[in-house]
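Student: Structure below; questions to follow.
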Amino acid sequence: MNPCLLIPIYNHPETITGVLGSLAPLGLPCLVIDDGSDEATRRALDRLTRELPWVTAERLPENRGRGAALRHGYCSAWRRGYSHVVQLDADGQHDAADVPRFLEVARRNPEALVLGAPIFDESAPRSRRVGRQISRFWVHVETLSFAIDDPLCGFRCLPLERTLDVLSRARLGDRMEFDPEIAVRLVWDGLVVANVPTRVTYFAGGVSHFHMLRDNVRISWAHTRLVFGMLWRSPRLLTTRRRSRP
């Protein structure tokens, strides 16, 4: 394994310094993908890449969406010789202390998809909890399994070769629908899923770029496509599931 950290960012100049500071003790290289952020974020990243030699920033010329930024990051990390990415968000919600746990699971099974299983506290908005439960239901239908505990958590470790192979064969959405769809398609491709419990915190006054109506529509459309994809693949998925039973 040759892992790196991957952080997509869009207009989070207030939190990215703290996020990178919490990751510094890990001794891992970090690739930050700036998804067409504002001037304040660009200045913050310029300063951080000067001060932190283990951090590299790449900028997209305009905001293309979370999925597009992650896809760019996966390709860039692979070109740089990394085998895995540990993906975190730039808003500080994810617990950097759990990164070694994700990597340990990946080292035991380098082709596993390691997903964060969020442990929420009272700070989590009810709308987010409900949305996640709905998405959980649909990915269980789409994979004909309970393999994925939470399809929306952005804290995850992915094997790059298998991920890029899936992306070369399927056109995924460019925004918030990307995370659940890539997880489902990797399960379809035969990856084992490991769910790692991890604390997720919603900070008072935190900036979210999730648009309740627009992004829920996109996620719903992605689930619609995936359900039809499941129907086409169901004989193979059921056969694989039977073979994987102890």
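Letters A, B, ... go to the chains of the structure tokens in the order shown; residues in each chain start at 1; ligands are counted from 1 in the same order.
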Determine, counting only C-alpha atoms, which protein, DNA and RNA residues have an atom within 7 Å of an atom of segment 193-201 of chain A; residues of the same chain fewer than 4 positions away are not included. Present the result as a list of chain:residue names.
Tutor: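 Contacts, with the query itself left out: A:Gln93, A:His94, A:Asp95, A:Asp98, A:Phe102, A:Ala112, A:Leu113, A:Val114, A:Leu115, A:Gly116, A:Ala117, A:Pro118, A:Ile119, A:Phe120, A:Asp121, A:Ser123, A:Ala124, A:Ala147, A:Ile148, A:Asp149.
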Student: Set the distance at 10 Å and use only C-alpha atoms: which residues neighbour Ala40 of chain A once local chain neighbours fewer than 4 positions away are removed? I'd like the list as an NGL selection string.
Tutor: :A and (11-14 or 44-46)
Student: Which one is closest to Leu5 of chain A: A:Arg132, A:Arg218, A:Arg233, A:His84? Count only C-alpha atoms.
Tutor: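 Counting only C-alpha atoms, the residue closest to Leu5 of chain A is A:His84.
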Student: Quick one: distance from atom CA of Gly92 of chain A to atom CA of Asp35 of chain A in Å, one decimal?
Tutor: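 The value is 17.1 Å.
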Student: Using only C-alpha atoms, which of A:Val227, A:Val32, A:Leu172, A:Val192 sits nearest Leu144 of chain A?
Tutor: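 Looking only at the distances to Leu144 of chain A, the closest residue turns out to be A:Val227.
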Student: Taking the backbone alone, and naming residues the way the document does, which bits of segment 153-234 of chain A are helix (DSSP H, G or I) by DSSP, as number ranges by chain?
Tutor: A: 160-169, 178-188, 212-234
Student: Generate the output file for the selected residues, C-alpha atoms, as a tab-separated table (two decimals), in the first residue's frame.
Tutor:
```tsv
chain	number	residue	atom	x	y	z
A	160	LEU	CA	-7.60	3.48	-6.62
A	161	GLU	CA	-7.06	0.89	-9.33
A	162	ARG	CA	-10.48	-0.70	-8.84
A	163	THR	CA	-12.16	2.67	-8.36
A	164	LEU	CA	-10.74	4.13	-11.56
A	165	ASP	CA	-11.67	0.97	-13.45
A	166	VAL	CA	-15.30	1.43	-12.39
A	167	LEU	CA	-15.20	5.12	-13.30
A	168	SER	CA	-13.85	4.28	-16.75
A	169	ARG	CA	-16.93	2.13	-17.41
A	178	PHE	CA	-21.34	10.77	-6.43
A	179	ASP	CA	-20.57	9.27	-2.99
A	180	PRO	CA	-23.49	6.82	-2.80
A	181	GLU	CA	-23.24	5.88	-6.47
A	182	ILE	CA	-19.54	5.01	-6.45
A	183	ALA	CA	-20.06	2.91	-3.31
A	184	VAL	CA	-22.87	0.92	-4.94
A	185	ARG	CA	-20.95	0.42	-8.17
A	186	LEU	CA	-17.86	-0.79	-6.31
A	187	VAL	CA	-20.02	-3.38	-4.54
A	188	TRP	CA	-21.42	-4.40	-7.92
A	212	MET	CA	-31.66	20.39	0.28
A	213	LEU	CA	-33.87	20.42	-2.82
A	214	ARG	CA	-31.38	20.31	-5.67
A	215	ASP	CA	-29.04	17.72	-4.20
A	216	ASN	CA	-31.85	15.49	-2.93
A	217	VAL	CA	-33.29	15.48	-6.45
A	218	ARG	CA	-29.89	14.49	-7.84
A	219	ILE	CA	-29.46	11.75	-5.25
A	220	SER	CA	-32.98	10.45	-5.93
A	221	TRP	CA	-32.27	10.32	-9.67
A	222	ALA	CA	-29.02	8.45	-9.00
A	223	HIS	CA	-30.91	5.90	-6.89
A	224	THR	CA	-33.46	5.51	-9.70
A	225	ARG	CA	-30.67	4.68	-12.16
A	226	LEU	CA	-29.09	2.30	-9.66
A	227	VAL	CA	-32.33	0.42	-9.02
A	228	PHE	CA	-32.68	-0.25	-12.75
A	229	GLY	CA	-29.03	-1.27	-12.83
A	230	MET	CA	-29.66	-3.67	-9.96
A	231	LEU	CA	-32.57	-5.29	-11.83
A	232	TRP	CA	-30.29	-5.99	-14.78
A	233	ARG	CA	-27.55	-7.36	-12.52
A	234	SER	CA	-29.76	-9.14	-9.98
```
Student: Please identify which residues in segment 66-236 of chain A DSSP calls strand (DSSP E or B) from the backbone, and express them as a PyMOL selection string.
Tutor: chain A and resi 84-87+94+113-120+156-159+193-200
Student: Do you have the atom CA of Ala68 of chain A-atom CA of Thr56 of chain A distance handy?
Tutor: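 Value for the atom CA of Ala68 of chain A-atom CA of Thr56 of chain A distance: 17.9 Å.
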Student: Quick one: residues within 8 Å of Leu88 of chain A, only C-alpha atoms, excluding same-chain residues fewer than 4 positions away - as a PDB file with C-alpha atoms, in the first residue's frame?
Tutor:
```
ATOM      1  CA  LEU A   5      -5.010  11.721   2.031  1.00  0.00           C
ATOM      2  CA  LEU A   6      -7.522  13.367  -0.305  1.00  0.00           C
ATOM      3  CA  ILE A   7      -9.606  16.423   0.589  1.00  0.00           C
ATOM      4  CA  PRO A   8     -12.031  18.123  -1.833  1.00  0.00           C
ATOM      5  CA  HIS A  94     -14.490  14.023  10.409  1.00  0.00           C
ATOM      6  CA  GLY A 154     -17.471  11.308   2.925  1.00  0.00           C
ATOM      7  CA  PHE A 155     -14.876   9.696   5.211  1.00  0.00           C
ATOM      8  CA  ARG A 156     -13.689   6.570   3.397  1.00  0.00           C
TER       9      ARG A 156
END
```
Student: Interatomic distance between atom CA of Ser22 of chain A and atom CA of Ala97 of chain A?
Tutor: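 Going from atom CA of Ser22 of chain A over to atom CA of Ala97 of chain A covers 7.8 Å.
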